[in-house]
Amino acid sequence: MSATRVAPLSPPEPAPAASQDYRYANLDESGHGNAALADEAALAIAYNGISQAVMLVSPRDLEDFVVGFSLASGIVPAADDIYDIQLQGLGASRQAQVEISSRAFWALKDHRRQMAGTTGCGLCGVEAMDQALPDLPVLAPAPLPPAQWLQGLRQRISDLQPLGQHSGAVHAAAFMNKKGELLLAREDIGRHNAMDKLIGALVRQGIDTAGGLVVVTSRCSLELIQKMLRAGISTLVSLSSPTGLACQWARQHRLNLIHLPHHSAPRVYSPAMENQP
């Protein structure tokens, strides 16, 4: 991605920038108080002037989100296909005008035509299923992380969640490098959005992801596996259990998938461990 055209990185916003205090009263009339609740905003994303999606997001790190969403959703094949991002709006209504390469834009328009052409036919589920279960690359085999990397991980990742500590109601995705160091995290009300923001931040900051892993605080479903495959990151650690389909896809695509339970040892679901001693 051209550093001269995409908006420069800005310092992380303090947690209160994405939350507000709301007054409440106890149901039993025993008292009242104030609580910080996470904000959300509608972000409309247009590519080369054509509206593509409206997403509900936490209104912070939006450049990271747009880059990560564009890559992880397959809208652009590479970061270099994103030429410019212009953010507009305030409060609950935001807009992102994204300039992408001609090849990416033509592919996007062709996809839109396919979806529009199948709306009224009896076979529309075939194309829809192809979009839900796309043909994605199989990763090169990668070693599993050392067990000590995951010790105390819940608390360590909590330290990278200022918004979560301030208001709750948000998910987080964090990156750990090949030395086992937690480098950065991104938060959002949407678990997919949090991962998109993280992928975007990694790309925009030029962080080498080889040998590293991603940690997600949310449940691990198929969509997160697909985003990992598109990002080319080989190991995903989830603080909640994966779905069966997520496990199947991880094994088929050689993605290391690890669940970190609250009170027991990390569970490796992919690669398959049936034949391990």
# chains A, B, ... in the order shown; residues from 1 in each chain; ligands from 1

call {"tool": "select_by_dssp", "arguments": {"residues": "stretch 6-214 of chain A", "states": "strand (DSSP E)", "output": "PyMOL selection string"}}
result
chain A and resi 19-25+32-38+41-47+50-57+82-90+93-100+171-176+182-188+213-214

call {"tool": "atom_distance", "arguments": {"atom1": "atom CA of A:Gly31", "atom2": "atom CA of A:His166"}}
result
21.4 Å

call {"tool": "closest_atom_pairs", "arguments": {"of": "stretch 228-262 of chain A", "to": "stretch 202-217 of chain A", "cutoff": "9 Å", "atoms": "only C-alpha atoms", "output": "CSV"}}
result
residue,atom,partner,partner_atom,distance
A:Met228,CA,A:Val214,CA,8.4
A:Gly232,CA,A:Thr209,CA,8.3
A:Ile233,CA,A:Thr209,CA,6.5
A:Ser234,CA,A:Leu213,CA,6.7
A:Thr235,CA,A:Leu213,CA,4.8
A:Leu236,CA,A:Val214,CA,5.0
A:Val237,CA,A:Val215,CA,4.7
A:Ser238,CA,A:Val216,CA,5.0
A:Leu239,CA,A:Thr217,CA,5.0
A:Ser240,CA,A:Thr217,CA,6.7

call {"tool": "write_last_selection", "arguments": {"atoms": "N, CA and C atoms", "output": "short mmCIF file (atom, residue, chain, number, x, y, z; two decimals), in the first residue's frame"}}
result
data_model
loop_
_atom_site.label_atom_id
_atom_site.label_comp_id
_atom_site.auth_asym_id
_atom_site.auth_seq_id
_atom_site.Cartn_x
_atom_site.Cartn_y
_atom_site.Cartn_z
N MET A 228 -8.47 -15.21 8.50
CA MET A 228 -7.09 -15.61 8.77
C MET A 228 -6.42 -16.15 7.51
N GLY A 232 -3.20 -14.68 5.54
CA GLY A 232 -1.98 -15.48 5.48
C GLY A 232 -1.29 -15.67 6.82
N ILE A 233 -2.05 -15.59 7.92
CA ILE A 233 -1.50 -15.80 9.26
C ILE A 233 -1.83 -17.23 9.69
N SER A 234 -0.85 -17.95 10.19
CA SER A 234 -0.95 -19.41 10.29
C SER A 234 -1.56 -19.95 11.58
N THR A 235 -1.67 -19.13 12.63
CA THR A 235 -2.14 -19.65 13.92
C THR A 235 -3.18 -18.73 14.52
N LEU A 236 -4.30 -19.32 14.95
CA LEU A 236 -5.37 -18.58 15.60
C LEU A 236 -5.63 -19.20 16.97
N VAL A 237 -5.59 -18.36 18.00
CA VAL A 237 -5.92 -18.78 19.37
C VAL A 237 -7.22 -18.11 19.76
N SER A 238 -8.19 -18.91 20.19
CA SER A 238 -9.50 -18.39 20.57
C SER A 238 -9.73 -18.62 22.06
N LEU A 239 -10.24 -17.59 22.74
CA LEU A 239 -10.57 -17.74 24.15
C LEU A 239 -11.92 -18.41 24.35
N SER A 240 -12.63 -18.65 23.26
CA SER A 240 -13.90 -19.37 23.31
C SER A 240 -13.84 -20.53 22.33
#

call {"tool": "closest_residue", "arguments": {"among": "A:Val67, A:Val138, A:Leu87, A:Leu163", "to": "A:Asp39", "atoms": "only C-alpha atoms"}}
result
A:Leu163

call {"tool": "closest_residue", "arguments": {"among": "A:Ala172, A:Gly74, A:Pro162, A:Asp110", "to": "A:Lys197", "atoms": "only C-alpha atoms"}}
result
A:Ala172

call {"tool": "closest_residue", "arguments": {"among": "A:Gln151, A:Ser101, A:Ser58, A:Ser218", "to": "A:His263", "atoms": "only C-alpha atoms"}}
result
A:Gln151

call {"tool": "closest_residue", "arguments": {"among": "A:Leu255, A:Leu150, A:Leu62, A:Met55", "to": "A:Glu187", "atoms": "only C-alpha atoms"}}
result
A:Leu62

call {"tool": "select_by_dssp", "arguments": {"residues": "stretch 162-231 of chain A", "states": "alpha helix (DSSP H)", "output": "ChimeraX atom specification"}}
result
/A:162-167,191-204,222-231

call {"tool": "write_last_selection", "arguments": {"atoms": "N, CA and C atoms", "output": "compact mmCIF listing (two decimals), in the first residue's frame"}}
result
# COMPACT_ATOMS: atom_id res chain seq x y z
N PRO A 162 -8.31 -1.30 26.44
CA PRO A 162 -8.76 -0.16 27.25
C PRO A 162 -10.25 0.08 27.16
N LEU A 163 -10.83 -0.10 25.98
CA LEU A 163 -12.27 0.10 25.85
C LEU A 163 -13.04 -0.97 26.59
N GLY A 164 -12.58 -2.22 26.49
CA GLY A 164 -13.24 -3.30 27.21
C GLY A 164 -13.21 -3.10 28.71
N GLN A 165 -12.09 -2.61 29.22
CA GLN A 165 -12.00 -2.35 30.66
C GLN A 165 -12.87 -1.17 31.07
N HIS A 166 -13.04 -0.23 30.16
CA HIS A 166 -13.78 0.99 30.50
C HIS A 166 -15.29 0.78 30.43
N SER A 167 -15.74 0.07 29.38
CA SER A 167 -17.18 -0.02 29.16
C SER A 167 -17.70 -1.43 28.94
N ARG A 191 -17.15 -8.91 16.52
CA ARG A 191 -15.93 -9.74 16.55
C ARG A 191 -15.24 -9.74 15.20
N HIS A 192 -16.02 -9.76 14.09
CA HIS A 192 -15.41 -9.70 12.76
C HIS A 192 -14.72 -8.35 12.56
N ASN A 193 -15.36 -7.30 13.06
CA ASN A 193 -14.79 -5.96 12.92
C ASN A 193 -13.46 -5.86 13.66
N ALA A 194 -13.39 -6.46 14.84
CA ALA A 194 -12.14 -6.41 15.61
C ALA A 194 -11.01 -7.07 14.84
N MET A 195 -11.27 -8.21 14.21
CA MET A 195 -10.22 -8.86 13.43
C MET A 195 -9.87 -8.05 12.19
N ASP A 196 -10.88 -7.49 11.53
CA ASP A 196 -10.59 -6.64 10.37
C ASP A 196 -9.70 -5.47 10.76
N LYS A 197 -10.00 -4.84 11.90
CA LYS A 197 -9.18 -3.73 12.36
C LYS A 197 -7.74 -4.18 12.62
N LEU A 198 -7.59 -5.35 13.23
CA LEU A 198 -6.25 -5.85 13.52
C LEU A 198 -5.48 -6.11 12.23
N ILE A 199 -6.11 -6.77 11.27
CA ILE A 199 -5.44 -7.05 10.00
C ILE A 199 -5.05 -5.74 9.33
N GLY A 200 -5.95 -4.76 9.34
CA GLY A 200 -5.64 -3.47 8.76
C GLY A 200 -4.47 -2.79 9.44
N ALA A 201 -4.43 -2.86 10.78
CA ALA A 201 -3.33 -2.24 11.52
C ALA A 201 -2.01 -2.92 11.21
N LEU A 202 -2.01 -4.24 11.11
CA LEU A 202 -0.78 -4.96 10.78
C LEU A 202 -0.26 -4.56 9.40
N VAL A 203 -1.18 -4.44 8.44
CA VAL A 203 -0.78 -4.05 7.09
C VAL A 203 -0.28 -2.62 7.06
N ARG A 204 -1.01 -1.72 7.68
CA ARG A 204 -0.65 -0.31 7.61
C ARG A 204 0.65 0.00 8.34
N LEU A 222 -16.61 -19.82 11.38
CA LEU A 222 -16.00 -19.98 10.07
C LEU A 222 -15.48 -18.67 9.50
N GLU A 223 -16.22 -17.57 9.70
CA GLU A 223 -15.82 -16.30 9.11
C GLU A 223 -14.43 -15.87 9.58
N LEU A 224 -14.12 -16.12 10.84
CA LEU A 224 -12.80 -15.74 11.35
C LEU A 224 -11.70 -16.60 10.74
N ILE A 225 -12.00 -17.87 10.50
CA ILE A 225 -11.04 -18.74 9.82
C ILE A 225 -10.75 -18.21 8.43
N GLN A 226 -11.80 -17.81 7.71
CA GLN A 226 -11.62 -17.30 6.35
C GLN A 226 -10.79 -16.03 6.34
N LYS A 227 -10.99 -15.15 7.30
CA LYS A 227 -10.20 -13.92 7.37
C LYS A 227 -8.74 -14.23 7.64
N MET A 228 -8.47 -15.21 8.50
CA MET A 228 -7.09 -15.61 8.77
C MET A 228 -6.42 -16.15 7.51
N LEU A 229 -7.14 -16.95 6.75
CA LEU A 229 -6.57 -17.53 5.53
C LEU A 229 -6.25 -16.44 4.52
N ARG A 230 -7.15 -15.47 4.38
CA ARG A 230 -6.89 -14.38 3.44
C ARG A 230 -5.71 -13.52 3.90
N ALA A 231 -5.56 -13.38 5.20
CA ALA A 231 -4.45 -12.59 5.73
C ALA A 231 -3.13 -13.35 5.70

call {"tool": "atom_distance", "arguments": {"atom1": "atom CA of A:Ala185", "atom2": "atom CA of A:Pro77"}}
result
23.5 Å
